[in-house]
>>> print(open('run_31.txt').read())   # compact mmCIF, C-alpha atoms and all ligand atoms
# COMPACT_ATOMS: atom_id res chain seq x y z
CA MET A 1 -24.77 20.42 16.92
CA ILE A 2 -25.23 20.56 13.14
CA ASP A 3 -28.61 20.16 11.48
CA PHE A 4 -29.46 19.86 7.81
CA ARG A 5 -33.13 20.60 7.12
CA ASN A 6 -34.50 20.02 3.63
CA VAL A 7 -31.18 21.03 2.14
CA ALA A 8 -30.77 20.95 -1.64
CA LYS A 9 -27.97 22.00 -3.95
CA ASN A 10 -28.17 22.40 -7.70
CA TYR A 11 -24.97 23.42 -9.41
CA GLN A 12 -25.85 25.43 -12.48
CA GLY A 13 -27.00 23.30 -15.35
CA GLY A 14 -26.53 19.98 -13.58
CA PRO A 15 -28.85 17.54 -11.86
CA ALA A 16 -29.29 18.07 -8.12
CA ALA A 17 -26.02 17.27 -6.37
CA VAL A 18 -28.02 17.11 -3.14
CA GLU A 19 -31.78 16.68 -3.42
CA ASN A 20 -33.24 16.90 0.07
CA LEU A 21 -30.87 16.29 2.94
CA ASN A 22 -32.15 15.96 6.49
CA LEU A 23 -29.53 14.97 9.00
CA GLY A 24 -28.60 15.77 12.59
CA ILE A 25 -24.95 15.61 13.64
CA ASP A 26 -24.05 14.95 17.28
CA ALA A 27 -21.82 17.30 19.24
CA GLY A 28 -18.43 15.99 20.30
CA LYS A 29 -18.56 12.95 18.01
CA ILE A 30 -17.08 11.91 14.68
CA THR A 31 -19.74 11.65 11.98
CA VAL A 32 -18.55 10.17 8.71
CA PHE A 33 -20.11 10.80 5.30
CA VAL A 34 -19.24 7.82 3.14
CA GLY A 35 -20.43 6.84 -0.31
CA PRO A 36 -19.40 6.39 -3.92
CA SER A 37 -17.83 9.16 -5.96
CA GLY A 38 -20.10 12.02 -6.96
CA CYS A 39 -22.91 11.32 -4.50
CA GLY A 40 -22.73 14.73 -2.84
CA LYS A 41 -20.60 14.18 0.25
CA THR A 42 -18.21 17.06 -0.34
CA THR A 43 -21.04 19.35 -1.41
CA SER A 44 -22.89 18.56 1.83
CA LEU A 45 -19.77 19.10 3.93
CA ARG A 46 -18.95 22.41 2.27
CA MET A 47 -22.45 23.73 2.79
CA ILE A 48 -21.77 23.61 6.54
CA ASN A 49 -19.19 26.39 6.33
CA ARG A 50 -20.73 28.03 3.24
CA MET A 51 -17.90 27.18 0.89
CA VAL A 52 -20.89 26.01 -1.12
CA GLU A 53 -24.21 27.85 -0.75
CA PRO A 54 -27.32 25.64 -0.58
CA THR A 55 -29.97 26.25 -3.23
CA SER A 56 -32.66 25.75 -0.59
CA GLY A 57 -33.08 24.52 2.96
CA THR A 58 -31.39 25.44 6.22
CA ILE A 59 -28.25 24.36 8.02
CA THR A 60 -27.86 25.27 11.66
CA VAL A 61 -24.73 24.97 13.78
CA GLY A 62 -25.30 25.17 17.51
CA GLY A 63 -28.80 26.41 16.76
CA ARG A 64 -27.68 29.27 14.49
CA ASP A 65 -28.63 29.35 10.84
CA VAL A 66 -25.29 29.48 9.04
CA GLY A 67 -26.91 31.54 6.28
CA THR A 68 -27.11 34.44 8.72
CA ILE A 69 -23.40 34.37 9.61
CA PRO A 70 -21.00 36.16 7.26
CA ALA A 71 -19.17 33.43 5.33
CA PRO A 72 -15.57 34.50 6.17
CA ALA A 73 -16.33 34.63 9.91
CA LEU A 74 -18.15 31.31 9.70
CA ARG A 75 -15.21 29.67 7.95
CA ARG A 76 -12.75 30.98 10.50
CA SER A 77 -14.89 29.53 13.27
CA MET A 78 -14.54 25.98 11.92
CA GLY A 79 -11.46 23.90 11.21
CA TYR A 80 -11.23 22.58 7.66
CA VAL A 81 -8.84 19.90 6.44
CA MET A 82 -8.79 18.74 2.84
CA GLN A 83 -7.15 15.98 0.86
CA SER A 84 -4.19 17.97 -0.42
CA ALA A 85 -3.61 19.64 2.98
CA GLY A 86 -4.02 22.95 1.10
CA LEU A 87 -1.02 24.58 2.73
CA LEU A 88 0.21 27.92 1.45
CA PRO A 89 3.42 26.96 -0.40
CA HIS A 90 5.28 30.22 0.11
CA ARG A 91 4.77 30.25 3.86
CA THR A 92 6.63 28.20 6.45
CA VAL A 93 4.82 25.49 8.35
CA ILE A 94 4.58 27.63 11.46
CA ASP A 95 3.13 30.53 9.47
CA ASN A 96 0.61 28.19 7.88
CA VAL A 97 -0.52 27.00 11.30
CA THR A 98 -0.78 30.54 12.71
CA THR A 99 -2.74 31.97 9.74
CA VAL A 100 -6.19 31.76 11.31
CA LEU A 101 -4.91 32.88 14.70
CA ARG A 102 -3.36 35.97 13.12
CA LEU A 103 -6.62 36.65 11.26
CA ASN A 104 -8.32 36.43 14.64
CA ARG A 105 -5.82 39.07 15.87
CA VAL A 106 -4.02 36.77 18.27
CA PRO A 107 -0.61 38.39 19.06
CA ARG A 108 2.25 36.90 17.05
CA ALA A 109 4.17 35.43 20.00
CA THR A 110 1.06 33.78 21.45
CA ALA A 111 0.12 32.42 18.03
CA ARG A 112 3.58 30.93 17.51
CA ALA A 113 3.61 29.34 20.94
CA ARG A 114 0.22 27.80 20.24
CA ALA A 115 1.38 26.60 16.81
CA ASN A 116 4.42 24.90 18.32
CA GLU A 117 2.18 23.17 20.84
CA LEU A 118 -0.08 21.99 18.02
CA LEU A 119 2.82 20.70 15.93
CA ASP A 120 3.82 18.65 18.93
CA THR A 121 0.22 17.43 19.34
CA VAL A 122 0.14 16.15 15.76
CA GLY A 123 3.54 14.49 16.13
CA LEU A 124 5.82 16.99 14.38
CA SER A 125 9.00 18.47 15.85
CA ALA A 126 9.38 22.22 16.31
CA ALA A 127 12.19 22.12 13.69
CA MET A 128 9.58 21.21 11.06
CA GLY A 129 7.95 24.55 11.74
CA ARG A 130 10.72 26.34 9.87
CA ARG A 131 10.33 24.28 6.71
CA TYR A 132 8.17 25.04 3.71
CA PRO A 133 5.35 22.65 2.77
CA ASN A 134 7.23 21.21 -0.21
CA GLN A 135 10.00 20.14 2.18
CA LEU A 136 7.61 17.79 3.98
CA SER A 137 6.27 14.34 3.08
CA GLY A 138 2.59 13.98 2.19
CA GLY A 139 1.81 12.54 5.61
CA GLN A 140 3.63 15.38 7.37
CA GLN A 141 1.74 17.93 5.28
CA GLN A 142 -1.55 16.36 6.36
CA ARG A 143 -0.45 16.61 9.99
CA VAL A 144 0.25 20.31 9.45
CA GLY A 145 -3.20 20.59 7.85
CA VAL A 146 -4.75 19.09 10.99
CA ALA A 147 -2.67 21.38 13.26
CA ARG A 148 -3.77 24.39 11.26
CA ALA A 149 -7.43 23.37 11.46
CA LEU A 150 -7.13 22.99 15.23
CA ALA A 151 -5.26 26.28 15.74
CA ALA A 152 -8.21 28.42 16.73
CA ASP A 153 -9.63 25.59 18.86
CA PRO A 154 -12.87 25.47 16.88
CA PRO A 155 -15.69 23.29 18.21
CA VAL A 156 -16.35 21.96 14.68
CA LEU A 157 -13.82 20.31 12.41
CA LEU A 158 -14.67 19.53 8.79
CA MET A 159 -12.41 16.95 7.16
CA ASP A 160 -12.71 16.16 3.45
CA GLU A 161 -10.84 12.96 2.58
CA PRO A 162 -7.91 14.22 4.63
CA PHE A 163 -5.89 11.00 4.53
CA SER A 164 -6.63 9.67 1.06
CA ALA A 165 -3.53 11.00 -0.67
CA VAL A 166 -1.01 9.20 1.56
CA ASP A 167 0.18 5.61 1.51
CA PRO A 168 -1.68 2.97 3.55
CA VAL A 169 0.87 2.81 6.36
CA VAL A 170 0.93 6.58 6.93
CA ARG A 171 -2.81 6.64 6.51
CA ALA A 172 -3.27 4.08 9.30
CA GLU A 173 -0.95 6.17 11.51
CA LEU A 174 -2.92 9.35 10.83
CA GLN A 175 -6.20 7.58 11.56
CA GLN A 176 -4.89 6.36 14.91
CA GLU A 177 -3.63 9.86 15.72
CA LEU A 178 -7.03 11.31 14.96
CA ILE A 179 -8.68 8.78 17.28
CA ARG A 180 -6.16 9.66 20.00
CA LEU A 181 -6.59 13.41 19.47
CA GLN A 182 -10.35 13.13 19.52
CA ARG A 183 -10.25 11.35 22.89
CA ASP A 184 -8.79 14.55 24.38
CA LEU A 185 -10.44 17.16 22.19
CA ALA A 186 -14.01 15.84 21.74
CA LYS A 187 -14.64 18.08 18.71
CA THR A 188 -17.68 17.79 16.52
CA ILE A 189 -16.00 16.26 13.48
CA VAL A 190 -17.61 15.73 10.10
CA PHE A 191 -15.36 13.49 8.02
CA VAL A 192 -15.82 12.67 4.33
CA THR A 193 -14.37 9.52 2.83
CA HIS A 194 -15.21 6.99 0.13
CA ASP A 195 -13.47 4.25 2.12
CA ILE A 196 -15.88 2.18 4.21
CA ASP A 197 -13.04 0.80 6.35
CA GLU A 198 -11.97 4.31 7.27
CA ALA A 199 -15.60 5.23 7.94
CA THR A 200 -16.24 2.33 10.31
CA LEU A 201 -12.91 2.80 12.07
CA LEU A 202 -13.32 6.51 12.76
CA GLY A 203 -17.05 7.13 12.88
CA ASP A 204 -19.17 7.23 15.99
CA LYS A 205 -21.90 7.42 13.39
CA VAL A 206 -21.74 6.82 9.66
CA ALA A 207 -24.03 8.27 6.99
CA VAL A 208 -23.94 6.16 3.82
CA PHE A 209 -24.70 8.49 0.91
CA ALA A 210 -26.26 7.45 -2.39
CA THR A 211 -26.55 9.57 -5.54
CA GLY A 212 -28.12 12.97 -5.06
CA GLY A 213 -27.07 13.27 -1.43
CA ARG A 214 -29.66 10.70 -0.37
CA VAL A 215 -28.72 9.19 2.97
CA ALA A 216 -29.32 5.48 2.54
CA GLN A 217 -28.42 4.63 6.14
CA TYR A 218 -27.33 6.64 9.15
CA ALA A 219 -26.25 4.56 12.10
CA ALA A 220 -23.38 3.41 14.28
CA PRO A 221 -20.75 1.58 12.20
CA GLU A 222 -21.37 -1.80 13.78
CA GLU A 223 -25.02 -1.57 12.83
CA ILE A 224 -24.21 -0.67 9.24
CA LEU A 225 -21.90 -3.66 8.95
CA ARG A 226 -24.26 -6.03 10.74
CA ALA A 227 -27.57 -4.89 9.29
CA PRO A 228 -27.31 -2.86 6.09
CA VAL A 229 -30.78 -1.52 5.33
CA ASP A 230 -30.81 -2.31 1.62
CA ASP A 231 -28.87 -3.79 -1.28
CA PHE A 232 -27.15 -0.50 -2.03
CA VAL A 233 -25.67 -0.25 1.46
CA ALA A 234 -24.86 -3.98 1.54
CA ALA A 235 -23.01 -3.69 -1.78
CA PHE A 236 -21.19 -0.56 -0.71
CA VAL A 237 -20.16 -2.02 2.60
CA GLY A 238 -18.67 -4.93 0.71
CA ARG A 239 -18.47 -8.65 0.80
CA ASP A 240 -16.19 -9.01 3.81
CA ARG A 241 -18.40 -6.91 6.06
CA GLY A 242 -18.92 -9.95 8.27
CA PHE A 243 -15.21 -10.10 8.95
CA ARG A 244 -14.98 -6.34 9.48
CA HIS A 245 -17.87 -6.44 11.90
CA LEU A 246 -15.68 -8.52 14.21
CA SER A 247 -13.87 -5.25 14.99
CA PHE A 248 -16.79 -4.42 17.26
CA SER A 249 -16.79 -7.64 19.30
CA PRO A 250 -14.35 -7.83 22.20
CA GLY A 251 -11.82 -10.65 22.03
CA THR A 252 -11.70 -11.18 25.79
CA SER A 253 -13.63 -14.46 25.67
CA VAL A 254 -11.10 -16.26 23.47
CA PRO A 255 -9.09 -18.80 25.52
CA ILE A 256 -5.33 -18.26 25.60
CA HIS A 257 -3.16 -21.40 25.63
CA GLN A 258 0.42 -22.12 26.52
CA VAL A 259 2.72 -22.80 23.58
CA PRO A 260 6.15 -24.47 23.33
CA SER A 261 8.65 -21.62 23.10
CA GLN A 262 12.37 -20.95 23.28
CA VAL A 263 14.63 -17.96 23.27
CA TRP A 264 15.97 -17.68 19.72
CA ASP A 265 19.75 -17.90 19.39
CA GLY A 266 20.04 -19.02 15.77
CA THR A 267 20.89 -22.61 16.63
CA ASN A 268 17.63 -23.78 18.19
CA SER A 269 16.45 -27.32 17.50
CA ALA A 270 13.06 -27.91 15.98
CA SER A 271 10.72 -30.28 17.72
CA ALA A 272 9.72 -33.40 15.74
CA SER A 273 6.02 -32.72 15.58
CA THR A 274 5.04 -29.30 16.92
CA TRP A 275 5.65 -25.73 15.96
CA THR A 276 7.88 -23.88 18.44
CA LEU A 277 7.57 -20.16 19.01
CA MET A 278 10.85 -18.26 19.09
CA LEU A 279 11.22 -15.32 21.47
CA ASP A 280 13.77 -12.60 22.04
CA ASP A 281 15.30 -12.29 25.49
CA GLY A 282 12.49 -9.89 26.47
CA ASN A 283 9.83 -12.61 25.89
CA ARG A 284 8.66 -10.96 22.64
CA PRO A 285 7.75 -13.22 19.70
CA LEU A 286 10.18 -13.33 16.76
CA GLY A 287 8.78 -16.14 14.61
CA TRP A 288 8.30 -19.88 14.49
CA LEU A 289 10.37 -23.03 14.05
CA ALA A 290 8.51 -25.53 11.88
CA PRO A 291 8.26 -29.12 13.10
CA ALA A 292 11.23 -31.17 11.92
CA GLY A 293 8.95 -33.94 10.62
CA GLY A 294 9.93 -37.65 10.71
CA SER A 295 13.62 -37.00 11.22
CA ALA A 296 14.06 -35.88 14.78
CA THR A 297 17.55 -34.69 13.87
CA PRO A 298 18.12 -31.19 15.16
CA LEU A 299 18.76 -28.67 12.42
CA ALA A 300 22.27 -27.29 12.51
CA SER A 301 21.10 -23.87 11.55
CA ALA A 302 17.41 -23.44 12.25
CA LEU A 303 15.23 -21.34 9.94
CA LEU A 304 12.99 -18.80 11.56
CA VAL A 305 9.57 -18.67 9.86
CA PRO A 306 8.07 -15.16 10.10
CA GLY A 307 5.00 -15.05 12.35
CA GLY A 308 1.55 -13.73 11.58
CA SER A 309 -0.22 -10.71 13.01
CA LEU A 310 -0.30 -10.35 16.79
CA PHE A 311 -3.38 -10.43 18.99
CA HIS A 312 -2.89 -7.78 21.67
CA THR A 313 -4.68 -7.89 25.01
CA GLY A 314 -7.91 -5.92 24.59
CA ASP A 315 -8.07 -6.35 20.80
CA PRO A 316 -11.37 -7.34 19.18
CA LEU A 317 -12.25 -10.75 17.74
CA ARG A 318 -11.18 -9.59 14.28
CA ASN A 319 -7.58 -9.41 15.44
CA ALA A 320 -7.80 -12.78 17.19
CA LEU A 321 -9.07 -14.42 14.02
CA ASP A 322 -6.52 -12.65 11.85
CA ALA A 323 -3.71 -13.71 14.20
CA ALA A 324 -4.79 -17.36 13.85
CA LEU A 325 -5.37 -17.16 10.08
CA SER A 326 -2.08 -15.41 9.35
CA SER A 327 0.07 -17.61 11.58
CA PRO A 328 2.14 -20.28 9.80
CA SER A 329 1.45 -22.63 12.72
CA GLY A 330 -2.29 -21.93 12.72
CA LEU A 331 -1.90 -20.67 16.29
CA GLY A 332 -2.43 -16.92 16.72
CA VAL A 333 0.18 -15.32 18.94
CA ALA A 334 -1.21 -13.25 21.81
CA VAL A 335 0.84 -10.53 23.50
CA ASP A 336 0.32 -7.99 26.25
CA ASP A 337 0.69 -4.21 26.04
CA ALA A 338 4.46 -4.55 26.31
CA GLY A 339 4.52 -6.96 23.36
CA GLN A 340 5.41 -9.92 25.58
CA LEU A 341 4.00 -13.35 24.89
CA THR A 342 0.86 -14.29 26.80
CA GLY A 343 0.08 -17.44 24.77
CA VAL A 344 -1.73 -18.49 21.61
CA VAL A 345 -5.30 -18.57 20.35
CA LYS A 346 -6.81 -21.31 18.20
CA GLY A 347 -8.84 -20.56 15.09
CA GLU A 348 -11.69 -22.90 16.03
CA GLU A 349 -12.00 -21.29 19.46
CA VAL A 350 -12.10 -17.82 17.91
CA LEU A 351 -14.93 -19.07 15.68
CA ALA A 352 -16.71 -20.44 18.75
CA ALA A 353 -16.35 -17.03 20.46
CA ILE A 354 -17.74 -15.36 17.33
CA GLU A 355 -20.71 -17.69 17.40
CA ALA A 356 -21.24 -17.04 21.11
CA ALA A 357 -21.17 -13.28 20.49
CA ARG A 358 -23.69 -13.67 17.67
CA THR A 359 -26.02 -15.76 19.84
CA ALA A 360 -25.73 -13.26 22.68
CA ARG A 361 -26.63 -10.44 20.29
CA ALA A 362 -29.55 -12.38 18.88
CA HIS A 363 -30.91 -12.91 22.39
CA GLY A 364 -30.02 -9.40 23.45
CA SER A 365 -28.13 -10.87 26.38
CA ARG A 366 -24.68 -10.40 27.77
CA LEU A 367 -21.83 -12.34 26.24
CA PRO A 368 -21.65 -15.85 27.72
CA ARG A 369 -18.36 -17.28 28.90
CA ALA A 370 -16.07 -18.51 26.15
CA ALA A 371 -17.61 -21.49 24.40
CA THR A 372 -15.57 -24.58 23.74
CA PRO A 373 -15.17 -25.62 20.10
CA GLU A 374 -17.43 -28.62 20.69
CA GLY A 375 -20.09 -26.41 22.21
CA GLY A 376 -20.00 -23.92 19.36
CA HIS A 377 -23.29 -24.78 17.79
N1 LIG B 401 -18.52 23.21 -8.63
C1 LIG B 401 -19.33 22.31 -9.22
N2 LIG B 401 -20.00 22.64 -10.34
C2 LIG B 401 -20.84 21.77 -10.94
N3 LIG B 401 -21.07 20.52 -10.46
C3 LIG B 401 -20.43 20.14 -9.36
C4 LIG B 401 -19.53 21.01 -8.68
N4 LIG B 401 -19.05 20.35 -7.59
C5 LIG B 401 -19.61 19.13 -7.60
N5 LIG B 401 -20.44 19.00 -8.66
C6 LIG B 401 -21.26 17.82 -8.99
O1 LIG B 401 -22.10 17.53 -7.89
C7 LIG B 401 -22.16 16.12 -7.65
C8 LIG B 401 -21.71 15.82 -6.24
O2 LIG B 401 -20.33 16.13 -6.13
P1 LIG B 401 -19.52 16.02 -4.76
O3 LIG B 401 -18.14 16.50 -4.99
O4 LIG B 401 -20.30 16.63 -3.68
O5 LIG B 401 -19.54 14.44 -4.56
P2 LIG B 401 -18.66 13.52 -3.62
O6 LIG B 401 -19.59 12.49 -3.10
O7 LIG B 401 -17.92 14.32 -2.62
O8 LIG B 401 -17.68 12.86 -4.65
P3 LIG B 401 -16.11 12.43 -4.50
O9 LIG B 401 -16.08 11.29 -3.54
O10 LIG B 401 -15.78 12.01 -5.91
O11 LIG B 401 -15.38 13.63 -4.04
C9 LIG B 401 -21.32 15.48 -8.73
O12 LIG B 401 -22.15 15.05 -9.76
C10 LIG B 401 -20.41 16.60 -9.19
O13 LIG B 401 -20.06 16.43 -10.54
>>> encode(input="run_31.txt", output="structure tokens")
Amino acid sequence: MIDFRNVAKNYQGGPAAVENLNLGIDAGKITVFVGPSGCGKTTSLRMINRMVEPTSGTITVGGRDVGTIPAPALRRSMGYVMQSAGLLPHRTVIDNVTTVLRLNRVPRATARARANELLDTVGLSAAMGRRYPNQLSGGQQQRVGVARALAADPPVLLMDEPFSAVDPVVRAELQQELIRLQRDLAKTIVFVTHDIDEATLLGDKVAVFATGGRVAQYAAPEEILRAPVDDFVAAFVGRDRGFRHLSFSPGTSVPIHQVPSQVWDGTNSASASTWTLMLDDGNRPLGWLAPAGGSATPLASALLVPGGSLFHTGDPLRNALDAALSSPSGLGVAVDDAGQLTGVVKGEEVLAAIEAARTARAHGSRLPRAATPEGGH
């Protein structure tokens, strides 16, 4: 869909921001440019819609050389979302979202109807449409930025660190929304970030940039985590890449076990020697009761120990391992889509499943059935 051929950019007086970029970007997929600060990601992104003009080389979009398309028309034909949302402060949210539609001479009523639909798509109520940008939180502003970029239904969406100015919780929400949106929209998205976790979560493909716009590796995220091509990529990807790579291995082979459990009523008795999982009356985990130890005396007022992360049906091995590691009992709590208890996973069995997945990969075979801990090696 998008092709960089021998593209270079020299800002006046400086060293080459981008030396010689050759890269093909797939249609309908999310391609992430990731890399340290100043390596030319934003410059490369902005050359696609001619916000930055290349010094030499060619960029084509859908086979057309962007240099031959008038810049304003080109920009209107692509969605663009940036870090600060870039909303016009003196215009209401709805007017911000309809800007491009109005420039494209879409009648006002149609544009507003479309904008309201889009606000709903990005999780904002119609009432938000009447507010001004400074009356929204940072996360809400970014949602408006995404709605505005989608307004003209462009096939290409350029996103420059769109979620980096919001807190981690909102950021995770926005990332999930983008994944959900993309399932329906299948846009060609080019996404710039310096966060490798964000890159591997969102990218169908990830281009790891080094100084001067040199692409050190361009591959699917699991490959970058599993087999970085050189020390630069390995260092950038980080020390816990092995753990992160588990996001790409299904957790279906991890055995689920029964666990002693009770409905929590505030007066439950701890067992002498085992951890007991406390549930609400809908079978959803609330926390644990620690073993009472030598004294089998029931506690008058039991103390609920907060649980660890939950391993949902369908989650990857990473979540299974995290559930086990973060659980005070050492047993990772597994739940179904409704959040109801299905059982627990054991750390050593997750490790055995990880080893089985690795062996299967090494032999290029299908995943064997779940290995027992004894059979792990
Ligand atoms: N308008 C400009 N004028 C001069 N130099 C610029 C300009 N914009 C960027 N540069 C330089 O070009 C290089 C690449 O910058 P660019 O913004 O593309 O990098 P980046 O990888 O997106 O960085 P960051 O993650 O910090 O945004 C840097 O050395 C930067 O200082």
>>> residues_near_ligand(input="run_31.txt", ligand="ligand LIG 401 (chain B)", cutoff="7 Å", atoms="only C-alpha atoms and all ligand atoms", output="JSON, numbers by chain")
{"A": [11, 12, 14, 17, 35, 36, 37, 38, 39, 40, 41, 42, 43, 44, 193, 194]}
>>> residues_around(input="run_31.txt", residues="A:Ser329", least_positions_apart="2", cutoff="12 Å", atoms="only C-alpha atoms", output="list in words")
Val259, Pro260, Ser273, Thr274, Trp275, Thr276, Leu277, Gly287, Trp288, Leu289, Ala290, Pro291, Val305, Pro306, Gly307, Gly308, Ala323, Ala324, Leu325, Ser326, Ser327, Leu331, Gly332, Val333, Val344, Val345, Lys346 and Gly347 of chain A
>>> residues_around(input="run_31.txt", residues="A:Asp230", least_positions_apart="4", cutoff="12 Å", atoms="only C-alpha atoms", output="ChimeraX atom specification")
/A:208,210,215-217,224-226,234-237
>>> atom_distance(input="run_31.txt", atom1="atom CA of A:Pro72", atom2="atom CA of A:Arg50")
8.8 Å
>>> closest_residue(input="run_31.txt", among="A:Glu19, A:Ser125, A:Asp184, A:Leu317", to="A:Gly242", atoms="only C-alpha atoms")
A:Leu317
>>> residues_around(input="run_31.txt", residues="A:Arg171", least_positions_apart="3", cutoff="12 Å", atoms="all atoms listed in the file", output="ChimeraX atom specification")
/A:83,138-140,142-143,161-168,174-178,195,197-198
>>> residues_around(input="run_31.txt", residues="stretch 113-115 of chain A", least_positions_apart="2", cutoff="7 Å", atoms="all atoms listed in the file", output="PyMOL selection string")
chain A and resi 94+97-98+109-111+117-119+151
>>> closest_residue(input="run_31.txt", among="A:Val93, A:Met47, A:Ile59, A:Ile256", to="A:Arg75", atoms="all atoms listed in the file")
A:Met47
>>> closest_residue(input="run_31.txt", among="A:Val122, A:Leu158, A:Ala338, A:Ala152", to="A:Arg46", atoms="all atoms listed in the file")
A:Leu158
>>> atom_distance(input="run_31.txt", atom1="atom CA of A:Gly339", atom2="atom CA of A:Ser253")
19.8 Å
>>> atom_distance(input="run_31.txt", atom1="atom CA of A:Val170", atom2="atom CA of A:Pro328")
27.0 Å
>>> closest_residue(input="run_31.txt", among="A:Thr359, A:Leu74, A:Tyr218, A:Arg148", to="A:Arg102", atoms="only C-alpha atoms")
A:Arg148
>>> closest_residue(input="run_31.txt", among="A:Pro70, A:Gly238, A:Gly86, A:Gly266", to="A:Asn134", atoms="only C-alpha atoms")
A:Gly86
>>> build_atoms(input="run_31.txt", residues="stretch 83-98 of chain A", atoms="N, CA and C atoms", output="PDB file, in the coordinates of the input")
ATOM      1  N   GLN A  83      -7.998  17.075   1.330  1.00  0.00           N
ATOM      2  CA  GLN A  83      -7.150  15.980   0.860  1.00  0.00           C
ATOM      3  C   GLN A  83      -5.710  16.410   0.614  1.00  0.00           C
ATOM      4  N   SER A  84      -5.542  17.560  -0.025  1.00  0.00           N
ATOM      5  CA  SER A  84      -4.190  17.970  -0.420  1.00  0.00           C
ATOM      6  C   SER A  84      -3.533  18.810   0.661  1.00  0.00           C
ATOM      7  N   ALA A  85      -4.093  18.821   1.862  1.00  0.00           N
ATOM      8  CA  ALA A  85      -3.610  19.640   2.980  1.00  0.00           C
ATOM      9  C   ALA A  85      -3.849  21.122   2.718  1.00  0.00           C
ATOM     10  N   GLY A  86      -3.683  21.568   1.453  1.00  0.00           N
ATOM     11  CA  GLY A  86      -4.020  22.950   1.100  1.00  0.00           C
ATOM     12  C   GLY A  86      -3.165  23.980   1.813  1.00  0.00           C
ATOM     13  N   LEU A  87      -1.886  23.626   2.036  1.00  0.00           N
ATOM     14  CA  LEU A  87      -1.020  24.580   2.730  1.00  0.00           C
ATOM     15  C   LEU A  87      -0.565  25.668   1.759  1.00  0.00           C
ATOM     16  N   LEU A  88      -0.286  26.838   2.300  1.00  0.00           N
ATOM     17  CA  LEU A  88       0.210  27.920   1.450  1.00  0.00           C
ATOM     18  C   LEU A  88       1.691  27.653   1.184  1.00  0.00           C
ATOM     19  N   PRO A  89       2.071  27.455  -0.091  1.00  0.00           N
ATOM     20  CA  PRO A  89       3.420  26.960  -0.400  1.00  0.00           C
ATOM     21  C   PRO A  89       4.538  27.941  -0.062  1.00  0.00           C
ATOM     22  N   HIS A  90       4.218  29.236  -0.092  1.00  0.00           N
ATOM     23  CA  HIS A  90       5.280  30.220   0.110  1.00  0.00           C
ATOM     24  C   HIS A  90       5.415  30.617   1.573  1.00  0.00           C
ATOM     25  N   ARG A  91       4.662  29.951   2.438  1.00  0.00           N
ATOM     26  CA  ARG A  91       4.770  30.250   3.860  1.00  0.00           C
ATOM     27  C   ARG A  91       5.328  29.045   4.603  1.00  0.00           C
ATOM     28  N   THR A  92       6.083  29.311   5.665  1.00  0.00           N
ATOM     29  CA  THR A  92       6.630  28.200   6.450  1.00  0.00           C
ATOM     30  C   THR A  92       5.483  27.481   7.146  1.00  0.00           C
ATOM     31  N   VAL A  93       5.816  26.299   7.647  1.00  0.00           N
ATOM     32  CA  VAL A  93       4.820  25.490   8.350  1.00  0.00           C
ATOM     33  C   VAL A  93       4.227  26.282   9.508  1.00  0.00           C
ATOM     34  N   ILE A  94       5.093  26.917  10.279  1.00  0.00           N
ATOM     35  CA  ILE A  94       4.580  27.630  11.460  1.00  0.00           C
ATOM     36  C   ILE A  94       3.641  28.761  11.029  1.00  0.00           C
ATOM     37  N   ASP A  95       4.004  29.439   9.940  1.00  0.00           N
ATOM     38  CA  ASP A  95       3.130  30.530   9.470  1.00  0.00           C
ATOM     39  C   ASP A  95       1.807  29.989   8.947  1.00  0.00           C
ATOM     40  N   ASN A  96       1.853  28.807   8.325  1.00  0.00           N
ATOM     41  CA  ASN A  96       0.610  28.190   7.880  1.00  0.00           C
ATOM     42  C   ASN A  96      -0.306  27.907   9.075  1.00  0.00           C
ATOM     43  N   VAL A  97       0.301  27.383  10.142  1.00  0.00           N
ATOM     44  CA  VAL A  97      -0.520  27.000  11.300  1.00  0.00           C
ATOM     45  C   VAL A  97      -1.082  28.246  12.006  1.00  0.00           C
ATOM     46  N   THR A  98      -0.322  29.339  11.975  1.00  0.00           N
ATOM     47  CA  THR A  98      -0.780  30.540  12.710  1.00  0.00           C
ATOM     48  C   THR A  98      -1.732  31.414  11.894  1.00  0.00           C
TER      49      THR A  98
END
